[in-house]
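Participant: Okay, handing you the structure first.
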Amino acid sequence: MNKAILAVSIIMAAIVILFVYSQFRDVNDFLSNVPLLSDLVQTTTTDGRRGLSDDAFQIGQVGIVKASDTELSLTDLFQKVESSVVQITDSSETDVFESRLGSGFVYDDNGHIITNHHVVSGGGGNRLDVTFPDGTVYRASLIGSDPSADIAVLYVEEVSKEKLLPLSLADSSKVRVGERVAAIGNPFGLSGSLSTGIVSGVGRQIPTQEEEGFTIPDIIQTDAPINPGNSGGPLLNMRSEVIGINSAIYSTTGQFAGVGFAIPSNTIAQVVPSLITTGSYQHPWLGVAGRDMTPGIADRLGLDEPRGFLVMDVVAGSPAEKAGILKGNQDTVIDGIPIRLGGDVIIAVDNNTVRKIDDLLAYVEMGKSVGDDLKLTILRQGQIMEVIATLAARPSQQESP
């Protein structure tokens, strides 16, 4: 009996080996199709400890998904994108220390380079040079620029297609706090520099540098080191996709202090096509100014909670005035701050809650176009009302959000 069992076992083992061999021609091929634990584990976390990435194991109908299928190591990421990041200088400025210096990246294979508006604005000569990582330099022309989004598009001619390697844009609305990111650029003229960190905040606002009273919404905050010269370079996720353009830092010294800001990629996708075709971009505009609700203001108005945006002023001839939005008419001081009461309180836009002006500005900028209707839910003298405003193009240098 034991001999019979042994014979059957040998025959079954031979069948299994033949089946495996028919599927995999050699042992190396077989092993290459077996997911190793190292493929499923991210070697280090953002703080240097060993551990699993968020994507290491995904349980569901698709089974286990390897993190390496979606994320790259920093070394691989840099090698993949370094040829797409360029240096931008102004050759009309003879003093290298006074010369504008920034970064940019390839947008398409037609010769368009994306950078910040503040990198290419100003200066007398406007002789802009684009230097590729291999050291070749090309004269660039500025074909479109938008100070309200701090985005500019340059064009370089007679560059071979092999040198123009566009970077892919991610959907910045899906960016999460804590996500690992990498910044590539030319800090202090040190070309091809990489720094890393995480997304440390989303939905920020920063003021535009040339248009007083306006802000850029939906900004991505990062702790990846960003210094002078990084401006215009890409902020990338670990899949080598652009999630933003490095644009500004928060610092009292002018050097990196742990907080950097990037224009989101969704703004790039929205603005750049218009800059390429027309040279400019029309931002939708409502024309109100005021203050976010505070406990003190809410208490003075008899509101249950401090939510919404108090309209203190309305620009003459603006969509807000045409829609009948009321401005304040009662000057007072609340918690030591001058406040003008009597105006409408905006509490929703197109049925989306408005907690503060950031919500309204981000919704208008990212979700609407010039000529679109906007349904505003307002609180007026204790009564909730709805008004419709038709958005106009933002006037240049107009001091109003």
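The way I read the labels, and the way they are meant: chains A, B, ... in the order of the structure tokens, residue 1 as the first residue of every chain, and ligand 1 as the first ligand shown, with later ones counted on from there.
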Would you list, as a ChimeraX atom specification, the residues of region 89-307 of chain A that end up in strand (DSSP E) under DSSP run on this structure's backbone?

Facilitator: /A:89-90,101-106,112-115,128-131,137-146,151-156,180-185,193-207,215-222,234-237,242-249,260-264,284-285,288-292

Participant: Just the residues within 10 Å of Asp373 (chain A), please, counting only C-alpha atoms, with nothing from its chain fewer than 3 positions along; format it as a list in words.

Facilitator: Pro319, Asp350, Lys368, Ser369, Val370, Leu376, Ile388, Ala389, Thr390, Leu391 and Ala392 of chain A

Participant: With N, CA and C atoms retained, could you export that selection as a PDB file, in the first residue's frame?

Facilitator:
ATOM      1  N   PRO A 319     -20.799  92.248 -11.349  1.00  0.00           N
ATOM      2  CA  PRO A 319     -21.892  91.268 -11.347  1.00  0.00           C
ATOM      3  C   PRO A 319     -22.647  91.240 -10.022  1.00  0.00           C
ATOM      4  N   ASP A 350     -24.271  77.972  -5.425  1.00  0.00           N
ATOM      5  CA  ASP A 350     -24.750  76.802  -6.178  1.00  0.00           C
ATOM      6  C   ASP A 350     -24.990  75.617  -5.250  1.00  0.00           C
ATOM      7  N   LYS A 368     -15.988  77.803 -12.560  1.00  0.00           N
ATOM      8  CA  LYS A 368     -16.827  78.677 -13.377  1.00  0.00           C
ATOM      9  C   LYS A 368     -16.008  79.410 -14.432  1.00  0.00           C
ATOM     10  N   SER A 369     -16.715  79.942 -15.423  1.00  0.00           N
ATOM     11  CA  SER A 369     -16.084  80.721 -16.490  1.00  0.00           C
ATOM     12  C   SER A 369     -16.825  82.033 -16.650  1.00  0.00           C
ATOM     13  N   VAL A 370     -16.195  82.961 -17.344  1.00  0.00           N
ATOM     14  CA  VAL A 370     -16.841  84.246 -17.638  1.00  0.00           C
ATOM     15  C   VAL A 370     -18.145  83.990 -18.398  1.00  0.00           C
ATOM     16  N   LEU A 376     -26.309  82.429  -5.617  1.00  0.00           N
ATOM     17  CA  LEU A 376     -25.820  82.756  -4.279  1.00  0.00           C
ATOM     18  C   LEU A 376     -26.963  82.685  -3.276  1.00  0.00           C
ATOM     19  N   ILE A 388     -29.196  85.454  -8.405  1.00  0.00           N
ATOM     20  CA  ILE A 388     -28.394  84.936  -9.512  1.00  0.00           C
ATOM     21  C   ILE A 388     -27.490  86.046 -10.022  1.00  0.00           C
ATOM     22  N   ALA A 389     -26.198  85.761 -10.088  1.00  0.00           N
ATOM     23  CA  ALA A 389     -25.223  86.710 -10.636  1.00  0.00           C
ATOM     24  C   ALA A 389     -24.571  86.093 -11.864  1.00  0.00           C
ATOM     25  N   THR A 390     -24.401  86.896 -12.919  1.00  0.00           N
ATOM     26  CA  THR A 390     -23.707  86.446 -14.126  1.00  0.00           C
ATOM     27  C   THR A 390     -22.276  86.953 -14.078  1.00  0.00           C
ATOM     28  N   LEU A 391     -21.326  86.037 -14.017  1.00  0.00           N
ATOM     29  CA  LEU A 391     -19.927  86.391 -13.808  1.00  0.00           C
ATOM     30  C   LEU A 391     -19.342  87.136 -15.006  1.00  0.00           C
ATOM     31  N   ALA A 392     -18.536  88.141 -14.715  1.00  0.00           N
ATOM     32  CA  ALA A 392     -17.845  88.923 -15.747  1.00  0.00           C
ATOM     33  C   ALA A 392     -16.353  88.626 -15.682  1.00  0.00           C
TER      34      ALA A 392
END

Participant: When DSSP works through the backbone of this structure, what residues of region 69-203 of chain A end up as helix (DSSP H, G or I), shown as a PyMOL selection string?

Facilitator: chain A and resi 69+74-84+117-120+172-174+187-189

Participant: Go ahead and write the residues just picked, C-alpha atoms, as an mmCIF file, in the first residue's frame.

Facilitator:
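Saved the output as out38.cif:
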data_model
loop_
_atom_site.group_PDB
_atom_site.id
_atom_site.type_symbol
_atom_site.label_atom_id
_atom_site.label_comp_id
_atom_site.auth_asym_id
_atom_site.auth_seq_id
_atom_site.Cartn_x
_atom_site.Cartn_y
_atom_site.Cartn_z
ATOM 1 C CA ASP A 69 3.179 49.603 -9.852
ATOM 2 C CA LEU A 74 13.180 59.060 -5.794
ATOM 3 C CA THR A 75 16.098 57.919 -7.934
ATOM 4 C CA ASP A 76 13.829 56.531 -10.651
ATOM 5 C CA LEU A 77 11.552 59.556 -10.493
ATOM 6 C CA PHE A 78 14.447 61.962 -10.977
ATOM 7 C CA GLN A 79 15.868 59.976 -13.879
ATOM 8 C CA LYS A 80 12.446 59.954 -15.522
ATOM 9 C CA VAL A 81 11.759 63.694 -15.324
ATOM 10 C CA GLU A 82 15.144 65.461 -15.117
ATOM 11 C CA SER A 83 15.349 66.014 -18.888
ATOM 12 C CA SER A 84 11.993 67.847 -18.801
ATOM 13 C CA HIS A 117 4.717 84.801 -14.321
ATOM 14 C CA HIS A 118 6.994 86.407 -11.738
ATOM 15 C CA VAL A 119 10.017 84.574 -13.196
ATOM 16 C CA VAL A 120 9.639 86.237 -16.599
ATOM 17 C CA SER A 172 -4.694 68.254 -8.081
ATOM 18 C CA SER A 173 -8.151 67.938 -6.511
ATOM 19 C CA LYS A 174 -7.075 64.437 -5.425
ATOM 20 C CA PRO A 187 17.779 76.761 -6.554
ATOM 21 C CA PHE A 188 20.450 79.483 -6.523
ATOM 22 C CA GLY A 189 21.312 78.441 -10.083
#

Participant: Which value, in Å to one decimal, gives the distance between CA of Ala152 (chain A) and CA of Pro217 (chain A)?

Facilitator: 17.2 Å

Participant: Taking 4 positions as the minimum chain separation for residues in the same chain, which residues sit within 9 Å of region 266-283 of chain A when counting only C-alpha atoms? Answer as number ranges by chain.

Facilitator: A: 112, 114, 142-146, 148-149, 151-154, 169-173, 218, 243-245, 364-366, 368-370, 392-395

Participant: Measure the distance from CA of Leu374 (chain A) to CA of Val349 (chain A) in Å and round it to one decimal.

Facilitator: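 The value is 6.9 Å.
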
Participant: Near Val156 (chain A), within 9 Å and counting only C-alpha atoms, which residues show up once chain neighbours fewer than 3 positions away are dropped, as a list in words?

Facilitator: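 What passes the distance filter is Asn110, Gly111, His112, Ile113, Asp129, Val130, Tyr138, Arg139, Ala140, Ser141 and Val159 of chain A.
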
Participant: Given the choices A:Ser160, A:Gly232, A:Met385, A:Glu179, which gets closest to Ser103 (chain A) if the distance is worked out from only C-alpha atoms?

Facilitator: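 Ranked by minimum distance to Ser103 (chain A), first place goes to A:Gly232.
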
Participant: Which residues of region 310-342 of chain A have any atom within 9 Å of an atom in region 291-295 of chain A when counting only C-alpha atoms, and what is the closest pair of atoms for each, with the distance in Å to one decimal? Order the rows by chain and rising number and write it as CSV.

Facilitator:
residue,atom,partner,partner_atom,distance
A:Leu310,CA,A:Arg291,CA,5.3
A:Val311,CA,A:Arg291,CA,6.9
A:Met312,CA,A:Arg291,CA,7.3
A:Ile339,CA,A:Arg291,CA,8.2

Participant: Create the file for the chosen residues now, containing N, CA and C atoms and written as a compact mmCIF listing (two decimals), in the first residue's frame.

Facilitator:
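Saved file part10.txt follows:
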# COMPACT_ATOMS: atom_id res chain seq x y z
N LEU A 310 -19.38 87.97 5.20
CA LEU A 310 -20.10 89.24 5.33
C LEU A 310 -19.65 90.19 4.23
N VAL A 311 -20.58 90.62 3.39
CA VAL A 311 -20.28 91.57 2.32
C VAL A 311 -20.25 92.97 2.92
N MET A 312 -19.09 93.62 2.85
CA MET A 312 -18.95 94.99 3.35
C MET A 312 -18.91 96.01 2.23
N ILE A 339 -15.58 97.14 11.35
CA ILE A 339 -16.50 96.30 10.58
C ILE A 339 -17.62 97.17 10.05
